>>> print(open('protein_39.cif').read())   # mmCIF, C-alpha atoms and all ligand atoms
data_query
loop_
_atom_site.label_atom_id
_atom_site.label_comp_id
_atom_site.auth_asym_id
_atom_site.auth_seq_id
_atom_site.Cartn_x
_atom_site.Cartn_y
_atom_site.Cartn_z
CA PRO A 1 -26.25 -61.22 21.50
CA PRO A 2 -27.78 -64.17 23.32
CA ALA A 3 -28.92 -67.19 21.31
CA ALA A 4 -32.45 -66.92 19.97
CA ASP A 5 -33.67 -69.51 22.43
CA MET A 6 -32.70 -67.33 25.36
CA LEU A 7 -34.88 -64.35 24.39
CA PRO A 8 -38.56 -64.68 25.11
CA PRO A 9 -40.59 -64.41 21.90
CA LEU A 10 -42.28 -61.12 21.10
CA ARG A 11 -45.87 -61.08 19.93
CA VAL A 12 -46.35 -58.94 16.83
CA ALA A 13 -49.80 -58.19 15.41
CA VAL A 14 -50.27 -57.30 11.76
CA THR A 15 -53.70 -56.22 10.51
CA GLY A 16 -54.52 -56.59 6.84
CA ALA A 17 -52.25 -59.62 7.00
CA ALA A 18 -53.45 -61.14 3.72
CA GLY A 19 -53.18 -57.88 1.79
CA GLN A 20 -50.34 -56.78 -0.47
CA ILE A 21 -48.27 -55.18 2.28
CA GLY A 22 -49.18 -57.78 4.89
CA TYR A 23 -47.93 -60.60 2.67
CA GLN A 24 -44.47 -59.03 2.41
CA LEU A 25 -44.36 -57.84 5.98
CA LEU A 26 -45.15 -61.17 7.63
CA MET A 27 -42.39 -62.94 5.70
CA ARG A 28 -39.76 -60.38 6.56
CA LEU A 29 -40.84 -60.19 10.19
CA ALA A 30 -40.63 -63.98 10.51
CA ALA A 31 -37.17 -63.89 8.90
CA GLY A 32 -35.91 -61.62 11.68
CA GLU A 33 -35.45 -58.53 9.54
CA MET A 34 -37.41 -56.24 11.84
CA LEU A 35 -36.49 -57.25 15.36
CA GLY A 36 -33.16 -58.92 14.75
CA LYS A 37 -31.82 -62.36 14.00
CA HIS A 38 -31.86 -63.27 17.68
CA GLN A 39 -35.44 -62.40 18.44
CA PRO A 40 -38.08 -65.14 18.17
CA VAL A 41 -41.56 -63.93 17.22
CA ILE A 42 -45.15 -65.08 17.47
CA LEU A 43 -47.21 -63.50 14.72
CA HIS A 44 -50.81 -62.41 15.25
CA ALA A 45 -52.26 -62.11 11.75
CA ILE A 46 -55.55 -60.20 11.69
CA GLU A 47 -57.93 -60.00 8.75
CA THR A 48 -61.56 -59.40 7.87
CA PRO A 49 -63.85 -62.46 7.71
CA GLN A 50 -63.86 -62.23 3.89
CA ALA A 51 -60.08 -62.57 3.72
CA ILE A 52 -59.67 -65.40 6.23
CA LYS A 53 -59.38 -68.02 3.52
CA ALA A 54 -56.58 -66.12 1.79
CA LEU A 55 -54.94 -65.64 5.19
CA ARG A 56 -54.96 -69.39 5.72
CA GLY A 57 -52.87 -69.64 2.57
CA VAL A 58 -50.41 -67.08 3.89
CA VAL A 59 -50.10 -69.06 7.13
CA MET A 60 -49.37 -72.20 5.09
CA GLU A 61 -46.59 -70.35 3.31
CA LEU A 62 -45.16 -69.13 6.61
CA GLU A 63 -45.07 -72.72 7.82
CA ASP A 64 -43.46 -73.78 4.56
CA CYS A 65 -40.61 -71.34 5.07
CA ALA A 66 -39.61 -73.11 8.31
CA PHE A 67 -38.30 -69.83 9.70
CA PRO A 68 -36.10 -70.61 12.72
CA LEU A 69 -37.33 -67.53 14.60
CA LEU A 70 -41.04 -68.12 14.04
CA ARG A 71 -42.56 -69.61 17.18
CA GLY A 72 -46.23 -69.50 16.26
CA VAL A 73 -48.90 -67.86 14.14
CA LEU A 74 -52.33 -66.86 15.35
CA ALA A 75 -54.70 -66.07 12.47
CA THR A 76 -57.98 -64.44 13.35
CA ASP A 77 -60.75 -62.06 12.31
CA GLN A 78 -61.42 -61.17 15.97
CA VAL A 79 -59.58 -57.99 16.79
CA GLU A 80 -59.51 -58.53 20.57
CA LYS A 81 -58.09 -62.00 20.17
CA GLY A 82 -55.60 -60.69 17.64
CA PHE A 83 -54.27 -57.90 19.85
CA GLY A 84 -54.14 -60.02 23.02
CA ASP A 85 -50.80 -59.49 24.82
CA VAL A 86 -49.06 -58.10 21.75
CA ASN A 87 -45.76 -56.21 22.17
CA LEU A 88 -45.95 -54.58 18.76
CA ALA A 89 -48.82 -53.93 16.37
CA VAL A 90 -48.58 -52.89 12.75
CA LEU A 91 -51.92 -51.51 11.61
CA VAL A 92 -51.95 -52.02 7.86
CA GLY A 93 -55.52 -53.19 7.22
CA ALA A 94 -57.52 -50.51 5.47
CA ARG A 95 -58.89 -49.76 2.09
CA PRO A 96 -56.07 -48.59 -0.19
CA ARG A 97 -56.33 -45.69 -2.60
CA GLY A 98 -57.16 -46.47 -6.22
CA PRO A 99 -56.27 -44.49 -9.35
CA GLY A 100 -57.53 -40.89 -9.19
CA MET A 101 -58.39 -41.01 -5.47
CA GLU A 102 -56.82 -38.72 -2.88
CA ARG A 103 -55.99 -40.03 0.57
CA ARG A 104 -58.59 -37.82 2.15
CA ASP A 105 -61.31 -39.70 0.25
CA LEU A 106 -60.49 -42.63 2.48
CA LEU A 107 -60.70 -40.67 5.68
CA SER A 108 -64.08 -41.56 7.07
CA ALA A 109 -64.16 -45.13 5.76
CA ASN A 110 -60.87 -45.96 7.38
CA ALA A 111 -60.93 -43.89 10.57
CA GLN A 112 -63.80 -46.01 11.90
CA ILE A 113 -61.59 -49.11 11.70
CA PHE A 114 -58.84 -47.39 13.66
CA ALA A 115 -61.21 -46.23 16.42
CA GLU A 116 -62.25 -49.82 17.00
CA GLN A 117 -58.65 -51.04 16.90
CA GLY A 118 -57.56 -48.34 19.37
CA ARG A 119 -60.23 -49.53 21.81
CA ALA A 120 -59.17 -53.15 21.40
CA LEU A 121 -55.46 -52.37 21.90
CA ASN A 122 -56.40 -50.40 25.01
CA ARG A 123 -58.18 -53.42 26.45
CA VAL A 124 -55.88 -56.33 25.61
CA ALA A 125 -52.40 -55.37 24.34
CA GLN A 126 -49.28 -55.32 26.52
CA ARG A 127 -49.19 -52.03 28.43
CA ASP A 128 -45.99 -50.97 26.67
CA VAL A 129 -47.15 -51.98 23.18
CA ARG A 130 -45.64 -50.04 20.25
CA VAL A 131 -48.10 -49.37 17.46
CA LEU A 132 -47.19 -48.39 13.91
CA VAL A 133 -49.98 -47.14 11.67
CA VAL A 134 -49.46 -47.77 7.95
CA GLY A 135 -53.06 -47.79 6.66
CA ASN A 136 -54.05 -44.48 5.12
CA PRO A 137 -54.60 -41.72 5.97
CA ALA A 138 -51.92 -42.91 8.36
CA ASN A 139 -51.33 -39.79 10.48
CA THR A 140 -54.98 -39.20 11.26
CA ASN A 141 -55.67 -42.91 11.74
CA ALA A 142 -52.93 -42.89 14.40
CA LEU A 143 -54.63 -39.95 16.10
CA VAL A 144 -57.98 -41.77 16.08
CA ALA A 145 -56.48 -45.03 17.39
CA ALA A 146 -54.53 -43.30 20.17
CA ALA A 147 -57.51 -41.15 21.21
CA ASN A 148 -59.52 -44.34 21.62
CA ALA A 149 -56.82 -45.94 23.79
CA PRO A 150 -56.94 -43.75 26.91
CA ASP A 151 -54.85 -46.13 29.06
CA LEU A 152 -51.88 -46.08 26.67
CA TRP A 153 -49.51 -43.15 26.11
CA GLU A 154 -50.04 -41.35 22.84
CA GLU A 155 -46.29 -41.73 22.14
CA GLN A 156 -46.88 -45.49 21.85
CA PHE A 157 -48.55 -44.73 18.52
CA THR A 158 -46.51 -43.66 15.49
CA ALA A 159 -47.45 -43.41 11.81
CA MET A 160 -45.26 -44.18 8.84
CA THR A 161 -43.44 -41.59 6.77
CA ARG A 162 -40.34 -43.73 6.36
CA LEU A 163 -41.37 -44.72 2.84
CA ASP A 164 -41.36 -41.03 1.91
CA GLN A 165 -37.94 -40.59 3.49
CA ASN A 166 -36.56 -43.62 1.65
CA ARG A 167 -37.98 -42.27 -1.61
CA ALA A 168 -36.39 -38.88 -0.98
CA VAL A 169 -33.00 -40.39 -0.14
CA SER A 170 -33.06 -42.50 -3.30
CA GLN A 171 -33.97 -39.55 -5.52
CA LEU A 172 -31.14 -37.49 -4.05
CA ALA A 173 -28.66 -40.37 -4.46
CA LEU A 174 -29.69 -40.72 -8.13
CA LYS A 175 -29.23 -37.00 -8.67
CA LEU A 176 -25.83 -36.79 -6.99
CA GLN A 177 -24.67 -40.19 -8.24
CA CYS A 178 -23.77 -41.31 -4.74
CA ALA A 179 -24.75 -44.24 -2.53
CA VAL A 180 -27.88 -43.97 -0.40
CA THR A 181 -25.68 -44.76 2.59
CA ASP A 182 -23.71 -41.55 1.92
CA ILE A 183 -26.82 -39.51 2.70
CA GLU A 184 -28.10 -38.49 6.12
CA ARG A 185 -30.62 -36.15 7.67
CA VAL A 186 -33.19 -36.02 4.90
CA ILE A 187 -36.41 -35.01 6.64
CA ILE A 188 -40.06 -35.58 5.86
CA TRP A 189 -42.25 -33.06 7.66
CA GLY A 190 -45.99 -33.36 8.20
CA ASN A 191 -48.52 -35.62 6.60
CA HIS A 192 -48.00 -38.81 4.61
CA SER A 193 -49.78 -37.20 1.67
CA ASN A 194 -48.97 -34.93 -1.22
CA THR A 195 -48.67 -31.95 1.15
CA GLN A 196 -45.68 -33.52 2.91
CA TYR A 197 -42.47 -31.51 2.85
CA PRO A 198 -39.37 -33.50 1.88
CA ASP A 199 -36.70 -31.19 3.22
CA LEU A 200 -33.07 -31.22 2.11
CA SER A 201 -31.99 -28.11 3.99
CA HIS A 202 -30.37 -30.18 6.75
CA ALA A 203 -29.25 -33.07 4.55
CA LEU A 204 -25.63 -34.22 4.50
CA VAL A 205 -23.74 -36.13 1.83
CA ARG A 206 -20.65 -37.80 3.21
CA GLY A 207 -20.82 -35.35 6.09
CA GLU A 208 -21.10 -32.20 3.94
CA TRP A 209 -24.15 -30.06 3.22
CA ALA A 210 -26.17 -31.40 0.29
CA ARG A 211 -28.01 -28.19 -0.51
CA PRO A 212 -25.15 -26.28 -2.21
CA ARG A 213 -24.75 -29.24 -4.59
CA ILE A 214 -28.29 -29.02 -5.97
CA ASP A 215 -29.98 -26.16 -7.75
CA ASP A 216 -33.20 -24.53 -6.58
CA ALA A 217 -35.10 -25.39 -9.74
CA TRP A 218 -34.47 -29.13 -9.41
CA TYR A 219 -35.17 -29.05 -5.67
CA ARG A 220 -38.46 -27.16 -5.88
CA ASN A 221 -39.85 -28.20 -9.25
CA GLU A 222 -38.70 -31.79 -9.53
CA PHE A 223 -37.52 -33.32 -6.28
CA ILE A 224 -40.25 -32.08 -3.93
CA PRO A 225 -43.25 -32.87 -6.19
CA ARG A 226 -41.77 -36.22 -7.21
CA VAL A 227 -41.49 -37.39 -3.60
CA GLN A 228 -44.88 -35.92 -2.71
CA LYS A 229 -46.58 -37.69 -5.58
CA ARG A 230 -44.58 -40.91 -5.69
CA GLY A 231 -47.42 -42.96 -4.20
CA ALA A 232 -49.72 -41.88 -7.03
CA GLU A 233 -46.98 -42.47 -9.61
CA VAL A 234 -46.59 -46.07 -8.41
CA ILE A 235 -50.38 -46.60 -8.40
CA GLU A 236 -50.53 -45.30 -11.96
CA ALA A 237 -47.76 -47.61 -13.15
CA ARG A 238 -48.65 -50.75 -11.21
CA GLY A 239 -52.41 -50.38 -11.04
CA ALA A 240 -52.03 -51.01 -7.31
CA SER A 241 -50.46 -49.07 -4.49
CA SER A 242 -46.89 -49.61 -3.38
CA ALA A 243 -46.50 -52.78 -1.37
CA ALA A 244 -42.95 -54.17 -1.17
CA SER A 245 -41.51 -50.71 -0.58
CA ALA A 246 -44.19 -49.95 2.02
CA ALA A 247 -43.51 -53.20 3.88
CA ASN A 248 -39.79 -52.44 3.66
CA ALA A 249 -40.35 -49.01 5.21
CA ALA A 250 -42.42 -50.51 8.03
CA ILE A 251 -39.51 -52.88 8.73
CA ASP A 252 -37.07 -49.93 8.74
CA HIS A 253 -39.31 -47.82 11.00
CA LEU A 254 -39.93 -50.46 13.67
CA ARG A 255 -36.39 -51.86 13.54
CA ASP A 256 -34.98 -48.42 14.27
CA LEU A 257 -37.59 -47.71 16.93
CA TRP A 258 -37.06 -51.05 18.67
CA LEU A 259 -33.33 -51.64 18.26
CA GLY A 260 -32.15 -48.02 17.90
CA SER A 261 -31.29 -45.81 14.94
CA GLY A 262 -27.59 -45.58 15.76
CA GLY A 263 -27.79 -41.80 16.12
CA ARG A 264 -29.22 -41.34 12.62
CA TRP A 265 -32.25 -39.14 12.07
CA GLN A 266 -35.35 -40.97 10.90
CA SER A 267 -38.64 -39.33 10.00
CA MET A 268 -41.61 -40.61 11.96
CA SER A 269 -45.10 -39.24 12.38
CA VAL A 270 -45.43 -38.79 16.12
CA PRO A 271 -47.85 -36.90 18.37
CA SER A 272 -46.81 -33.28 18.32
CA ASP A 273 -45.51 -31.79 21.55
CA GLY A 274 -46.11 -28.29 20.17
CA SER A 275 -42.60 -27.92 18.75
CA TYR A 276 -42.14 -26.37 15.29
CA GLY A 277 -45.47 -24.58 15.69
CA VAL A 278 -47.48 -27.78 15.26
CA ASP A 279 -50.63 -28.16 17.34
CA ALA A 280 -50.29 -30.71 20.13
CA GLY A 281 -52.36 -33.75 19.36
CA LEU A 282 -51.62 -33.90 15.63
CA TRP A 283 -49.51 -36.78 14.34
CA TYR A 284 -46.94 -34.84 12.33
CA SER A 285 -43.78 -36.25 10.82
CA VAL A 286 -40.56 -34.90 12.33
CA PRO A 287 -36.96 -36.12 12.45
CA CYS A 288 -36.36 -38.45 15.39
CA VAL A 289 -33.47 -40.34 16.87
CA CYS A 290 -34.16 -43.65 18.54
CA PRO A 291 -32.01 -44.82 21.43
CA GLY A 292 -33.78 -48.23 21.35
CA GLY A 293 -37.38 -48.77 22.39
CA HIS A 294 -38.58 -45.21 21.94
CA PHE A 295 -38.08 -42.04 19.89
CA ARG A 296 -36.80 -38.57 20.67
CA ARG A 297 -37.73 -35.65 18.45
CA VAL A 298 -34.84 -33.66 16.97
CA LEU A 299 -35.66 -30.18 18.28
CA ASP A 300 -34.65 -26.58 17.63
CA LEU A 301 -33.56 -26.95 14.01
CA PRO A 302 -33.35 -23.61 12.21
CA ILE A 303 -36.31 -23.27 9.83
CA ASP A 304 -36.03 -20.87 6.88
CA GLU A 305 -38.94 -19.05 5.26
CA PHE A 306 -39.50 -21.57 2.47
CA SER A 307 -39.47 -24.49 4.90
CA ALA A 308 -41.84 -22.68 7.26
CA SER A 309 -44.40 -22.18 4.50
CA MET A 310 -44.14 -25.81 3.39
CA MET A 311 -44.47 -27.06 6.98
CA GLU A 312 -47.47 -24.83 7.54
CA ARG A 313 -49.30 -26.14 4.49
CA THR A 314 -49.08 -29.76 5.60
CA ARG A 315 -49.97 -28.77 9.20
CA LYS A 316 -53.16 -27.17 7.92
CA GLU A 317 -54.13 -30.31 6.06
CA LEU A 318 -53.69 -32.36 9.24
CA VAL A 319 -55.91 -29.93 11.15
CA GLU A 320 -58.60 -30.39 8.49
CA GLU A 321 -58.27 -34.16 8.66
CA ARG A 322 -58.53 -34.06 12.45
CA ASP A 323 -61.65 -31.91 12.26
CA ALA A 324 -63.21 -34.38 9.83
CA VAL A 325 -62.86 -37.24 12.36
CA ARG A 326 -63.95 -35.36 15.48
CA HIS A 327 -66.99 -37.63 15.79
CA LEU A 328 -64.69 -40.62 16.24
CA LEU A 329 -62.81 -39.13 19.18
CA PRO A 330 -64.13 -39.86 22.67
CA LYS A 331 -66.17 -37.01 24.17
CA ASP A 332 -63.68 -36.35 26.97
CA TYR A 333 -60.70 -36.39 24.60
CA ASP A 334 -59.28 -32.91 24.87
CA LYS A 335 -55.72 -33.31 23.62
CA ALA A 336 -56.58 -32.50 20.05
CA PHE A 337 -58.42 -29.22 20.64
P1 LIG A 401 -54.68 -54.36 0.37
O1 LIG A 401 -56.08 -54.03 -0.03
O2 LIG A 401 -53.85 -55.25 -0.50
O3 LIG A 401 -54.74 -55.07 1.79
C1 LIG A 401 -55.46 -54.54 2.85
C2 LIG A 401 -55.94 -55.71 3.66
O4 LIG A 401 -56.53 -55.18 4.83
C3 LIG A 401 -57.01 -56.53 2.93
O5 LIG A 401 -56.59 -57.88 2.90
C4 LIG A 401 -58.24 -56.33 3.78
O6 LIG A 401 -59.05 -57.50 3.86
C5 LIG A 401 -57.64 -55.98 5.13
N1 LIG A 401 -58.51 -55.22 6.02
C6 LIG A 401 -59.38 -54.23 5.70
N2 LIG A 401 -60.01 -53.81 6.80
C7 LIG A 401 -59.51 -54.52 7.84
C8 LIG A 401 -59.76 -54.54 9.22
N3 LIG A 401 -60.69 -53.76 9.77
N4 LIG A 401 -59.06 -55.40 10.01
C9 LIG A 401 -58.14 -56.22 9.46
N5 LIG A 401 -57.87 -56.26 8.15
C10 LIG A 401 -58.54 -55.42 7.35
O7 LIG A 401 -53.94 -53.00 0.70
P2 LIG A 401 -52.38 -52.72 0.87
O8 LIG A 401 -51.81 -52.39 -0.44
O9 LIG A 401 -51.76 -53.81 1.69
O10 LIG A 401 -52.43 -51.35 1.69
C11 LIG A 401 -52.89 -51.30 3.01
C12 LIG A 401 -52.94 -49.87 3.51
O11 LIG A 401 -51.64 -49.31 3.57
C13 LIG A 401 -53.73 -48.91 2.63
O12 LIG A 401 -54.45 -48.03 3.46
C14 LIG A 401 -52.67 -48.17 1.88
O13 LIG A 401 -53.13 -46.93 1.42
C15 LIG A 401 -51.65 -48.02 2.96
N6 LIG A 401 -50.29 -47.66 2.55
C16 LIG A 401 -49.61 -46.81 3.35
C17 LIG A 401 -48.32 -46.44 3.04
C18 LIG A 401 -47.53 -45.48 3.92
O14 LIG A 401 -46.43 -45.09 3.50
N7 LIG A 401 -47.99 -45.04 5.07
C19 LIG A 401 -47.72 -46.96 1.89
C20 LIG A 401 -48.43 -47.85 1.10
C21 LIG A 401 -49.72 -48.19 1.44
C1 LIG A 402 -47.86 -44.62 -0.91
O1 LIG A 402 -47.34 -43.57 -0.50
O2 LIG A 402 -47.36 -45.31 -1.80
C2 LIG A 402 -49.12 -45.09 -0.27
O3 LIG A 402 -49.52 -44.27 0.77
C3 LIG A 402 -50.18 -45.36 -1.25
C4 LIG A 402 -50.85 -44.09 -1.68
O4 LIG A 402 -52.08 -44.07 -1.57
O5 LIG A 402 -50.16 -43.16 -2.09
#
>>> encode(input="protein_39.cif", output="structure tokens")
Amino acid sequence: PPAADMLPPLRVAVTGAAGQIGYQLLMRLAAGEMLGKHQPVILHAIETPQAIKALRGVVMELEDCAFPLLRGVLATDQVEKGFGDVNLAVLVGARPRGPGMERRDLLSANAQIFAEQGRALNRVAQRDVRVLVVGNPANTNALVAAANAPDLWEEQFTAMTRLDQNRAVSQLALKLQCAVTDIERVIIWGNHSNTQYPDLSHALVRGEWARPRIDDAWYRNEFIPRVQKRGAEVIEARGASSAASAANAAIDHLRDLWLGSGGRWQSMSVPSDGSYGVDAGLWYSVPCVCPGGHFRRVLDLPIDEFSASMMERTRKELVEERDAVRHLLPKDYDKAF
């Protein structure tokens, strides 16, 4: 690849930049772990006015790392300034879930933020901006942001289920005593919530079907609920929601989207095109391959009865979430209905 100096820097916005995830994400982005070791970056760190002081400290630390690829940091609480000319935006800033809360409790509080951010991206971001939504409830926040950005394509907005996929891959590797790199084609379907369906029916271990190597009882009674409820398990243990692993998944997601997934399937919540019986206009996690710069859905997979019922359950939850944020969608927005 060309020397770093020969590539023009990319502008990457991160909201919630002084939060738990933001802190990890900015460092790894500046180190070149997302966009490659030859890609200079200018970071646009966006926070609320209350967190600006803490953000100043994060900016000091970024400076103190003397990252060779870091060509500038803009720190702001003004969303339009923050999204100006950005090539990528990672929308992390939101209220996280505390012990005992379900993601849906956060729905209305957080969706408002994403409506405003969708409008701002629409006005000032680069026309081909790629947006990753991490803040929960991520799928529906992506819907709200995209619906409020009528001049951008809805496919420019994706939401993160890569953490769920990484969790599922790790659990399977522990069970089969193999390396995570031996495993392919683990799929997360649907919502980033406890209705998600971590599906092993297409999974391969060193090129061979995984499913005959695991028994039904473990798959249905241990593996699936463990992955579905892992976020809550981490909150319970840490007293705070997952942060390093979430930032790591955001790096994985955008690296594969931007640079290509090398033919590997990666789960991403993307606007449904109606495939797999999912209503168009819902952000539903499906397996994708990324040729570099964009995603393609993996289509026409055979779906057995058990999978169909699991996929339907999480679809229904996303319909309910969408209906709960109707008031935040522009009046002429018809894609979701
Ligand atoms: P955190 O509370 O540590 O940080 C959130 C930051 O966002 C805070 O600093 C806050 O000031 C800021 N913020 C809030 N509203 C903002 C706005 N309108 N604009 C800019 N900044 C704003 O939380 P965290 O642990 O970093 O988690 C952030 C979000 O990510 C939460 O919604 C959490 O549930 C979600 N999350 C998602 C996944 C996933 O897999 N999709 C995984 C983990 C966490
Ligand atoms: C996670 O999956 O760890 C996050 O979405 C946090 C949560 O609320 O579960």
>>> atom_distance(input="protein_39.cif", atom1="CA of Ala111 in chain A", atom2="CA of Glu80 in chain A")
17.8 Å
>>> residues_near_point(input="protein_39.cif", point="(-28.9, -41.7, 2.7)", cutoff="9 Å", atoms="only C-alpha atoms", output="list in words")
Asn166, Ala168, Val169, Ser170, Leu172, Ala173, Ala179, Val180, Thr181, Asp182, Ile183, Glu184, Arg185, Val186, Ala203, Leu204 and Val205 of chain A
>>> residues_near_ligand(input="protein_39.cif", ligand="ligand LIG 401 (chain A)", cutoff="6 Å", atoms="only C-alpha atoms and all ligand atoms", output="list of chain:residue names")
A:Thr15, A:Gly16, A:Ala18, A:Gly19, A:Gln20, A:Ile21, A:Gly22, A:Ile46, A:Glu47, A:Thr48, A:Ala51, A:Val92, A:Gly93, A:Ala94, A:Arg95, A:Pro96, A:Arg97, A:Ile113, A:Val134, A:Gly135, A:Asn136, A:Ala138, A:Met160, A:Thr161, A:Leu163, A:Ser241, A:Ser242, A:Ala243, A:Ala246
>>> closest_residue(input="protein_39.cif", among="A:Ala244, A:Val234, A:Ile187, A:Leu143", to="Trp283 in chain A", atoms="only C-alpha atoms")
A:Leu143
>>> atom_distance(input="protein_39.cif", atom1="CA of Gln266 in chain A", atom2="CA of Pro9 in chain A")
26.4 Å
>>> atom_distance(input="protein_39.cif", atom1="CA of Glu61 in chain A", atom2="CA of Gln39 in chain A")
20.4 Å
>>> residues_around(input="protein_39.cif", residues="Asp199 in chain A", least_positions_apart="3", cutoff="10 Å", atoms="all atoms listed in the file", output="list in words")
Gln165, Ala168, Arg185, Val186, Ile187, Ile188, Trp189, Gln196, His202, Ala203, Arg211, Tyr219, Phe223, Ile224, Ser307, Met310 and Met311 of chain A
>>> closest_residue(input="protein_39.cif", among="A:Arg264, A:Arg167, A:Arg297, A:Arg220", to="ligand LIG 402 (chain A)", atoms="all atoms listed in the file")
A:Arg167
>>> residues_around(input="protein_39.cif", residues="Val90 in chain A", least_positions_apart="5", cutoff="7 Å", atoms="only C-alpha atoms", output="ChimeraX atom specification")
/A:13-15,131-133
>>> write_last_selection(input="protein_39.cif", atoms="C-alpha atoms", output="mmCIF file, in the frame of the given file")
data_model
loop_
_atom_site.group_PDB
_atom_site.id
_atom_site.type_symbol
_atom_site.label_atom_id
_atom_site.label_comp_id
_atom_site.auth_asym_id
_atom_site.auth_seq_id
_atom_site.Cartn_x
_atom_site.Cartn_y
_atom_site.Cartn_z
ATOM 1 C CA ALA A 13 -49.800 -58.190 15.410
ATOM 2 C CA VAL A 14 -50.270 -57.300 11.760
ATOM 3 C CA THR A 15 -53.700 -56.220 10.510
ATOM 4 C CA VAL A 131 -48.100 -49.370 17.460
ATOM 5 C CA LEU A 132 -47.190 -48.390 13.910
ATOM 6 C CA VAL A 133 -49.980 -47.140 11.670
#
>>> residues_around(input="protein_39.cif", residues="Pro49 in chain A", least_positions_apart="4", cutoff="10 Å", atoms="all atoms listed in the file", output="JSON, numbers by chain")
{"A": [53, 55, 76, 77, 78]}
>>> axis_aligned_box(input="protein_39.cif", around="ligand LIG 402 (chain A)", padding_each_side="6 Å", output="lines of an AutoDock Vina configuration file")
center_x = -49.7
center_y = -44.3
center_z = -0.7
size_x = 16.7
size_y = 14.2
size_z = 14.9
>>> closest_residue(input="protein_39.cif", among="A:Ala66, A:Leu43, A:Leu328, A:Ile52", to="Asn87 in chain A", atoms="only C-alpha atoms")
A:Leu43
>>> residues_around(input="protein_39.cif", residues="Ala142 in chain A", least_positions_apart="5", cutoff="12 Å", atoms="only C-alpha atoms", output="PDB file with C-alpha atoms, keeping the file's coordinate frame")
ATOM      1  CA  ALA A  89     -48.820 -53.930  16.370  1.00  0.00           C
ATOM      2  CA  VAL A  90     -48.580 -52.890  12.750  1.00  0.00           C
ATOM      3  CA  LEU A  91     -51.920 -51.510  11.610  1.00  0.00           C
ATOM      4  CA  VAL A  92     -51.950 -52.020   7.860  1.00  0.00           C
ATOM      5  CA  LEU A 107     -60.700 -40.670   5.680  1.00  0.00           C
ATOM      6  CA  ASN A 110     -60.870 -45.960   7.380  1.00  0.00           C
ATOM      7  CA  ALA A 111     -60.930 -43.890  10.570  1.00  0.00           C
ATOM      8  CA  GLN A 112     -63.800 -46.010  11.900  1.00  0.00           C
ATOM      9  CA  ILE A 113     -61.590 -49.110  11.700  1.00  0.00           C
ATOM     10  CA  PHE A 114     -58.840 -47.390  13.660  1.00  0.00           C
ATOM     11  CA  ALA A 115     -61.210 -46.230  16.420  1.00  0.00           C
ATOM     12  CA  GLU A 116     -62.250 -49.820  17.000  1.00  0.00           C
ATOM     13  CA  GLN A 117     -58.650 -51.040  16.900  1.00  0.00           C
ATOM     14  CA  GLY A 118     -57.560 -48.340  19.370  1.00  0.00           C
ATOM     15  CA  ARG A 130     -45.640 -50.040  20.250  1.00  0.00           C
ATOM     16  CA  VAL A 131     -48.100 -49.370  17.460  1.00  0.00           C
ATOM     17  CA  LEU A 132     -47.190 -48.390  13.910  1.00  0.00           C
ATOM     18  CA  VAL A 133     -49.980 -47.140  11.670  1.00  0.00           C
ATOM     19  CA  VAL A 134     -49.460 -47.770   7.950  1.00  0.00           C
ATOM     20  CA  GLY A 135     -53.060 -47.790   6.660  1.00  0.00           C
ATOM     21  CA  ASN A 136     -54.050 -44.480   5.120  1.00  0.00           C
ATOM     22  CA  PRO A 137     -54.600 -41.720   5.970  1.00  0.00           C
ATOM     23  CA  ALA A 147     -57.510 -41.150  21.210  1.00  0.00           C
ATOM     24  CA  ASN A 148     -59.520 -44.340  21.620  1.00  0.00           C
ATOM     25  CA  ALA A 149     -56.820 -45.940  23.790  1.00  0.00           C
ATOM     26  CA  GLU A 154     -50.040 -41.350  22.840  1.00  0.00           C
ATOM     27  CA  GLU A 155     -46.290 -41.730  22.140  1.00  0.00           C
ATOM     28  CA  GLN A 156     -46.880 -45.490  21.850  1.00  0.00           C
ATOM     29  CA  PHE A 157     -48.550 -44.730  18.520  1.00  0.00           C
ATOM     30  CA  THR A 158     -46.510 -43.660  15.490  1.00  0.00           C
ATOM     31  CA  ALA A 159     -47.450 -43.410  11.810  1.00  0.00           C
ATOM     32  CA  MET A 160     -45.260 -44.180   8.840  1.00  0.00           C
ATOM     33  CA  ASN A 191     -48.520 -35.620   6.600  1.00  0.00           C
ATOM     34  CA  HIS A 192     -48.000 -38.810   4.610  1.00  0.00           C
ATOM     35  CA  MET A 268     -41.610 -40.610  11.960  1.00  0.00           C
ATOM     36  CA  SER A 269     -45.100 -39.240  12.380  1.00  0.00           C
ATOM     37  CA  VAL A 270     -45.430 -38.790  16.120  1.00  0.00           C
ATOM     38  CA  PRO A 271     -47.850 -36.900  18.370  1.00  0.00           C
ATOM     39  CA  GLY A 281     -52.360 -33.750  19.360  1.00  0.00           C
ATOM     40  CA  LEU A 282     -51.620 -33.900  15.630  1.00  0.00           C
ATOM     41  CA  TRP A 283     -49.510 -36.780  14.340  1.00  0.00           C
ATOM     42  CA  TYR A 284     -46.940 -34.840  12.330  1.00  0.00           C
ATOM     43  CA  SER A 285     -43.780 -36.250  10.820  1.00  0.00           C
ATOM     44  CA  LEU A 318     -53.690 -32.360   9.240  1.00  0.00           C
ATOM     45  CA  GLU A 321     -58.270 -34.160   8.660  1.00  0.00           C
ATOM     46  CA  ARG A 322     -58.530 -34.060  12.450  1.00  0.00           C
ATOM     47  CA  VAL A 325     -62.860 -37.240  12.360  1.00  0.00           C
ATOM     48  CA  LEU A 329     -62.810 -39.130  19.180  1.00  0.00           C
TER      49      LEU A 329
END
>>> closest_residue(input="protein_39.cif", among="A:Ala280, A:Ala247, A:Leu254, A:Ala45", to="ligand LIG 402 (chain A)", atoms="all atoms listed in the file")
A:Ala247
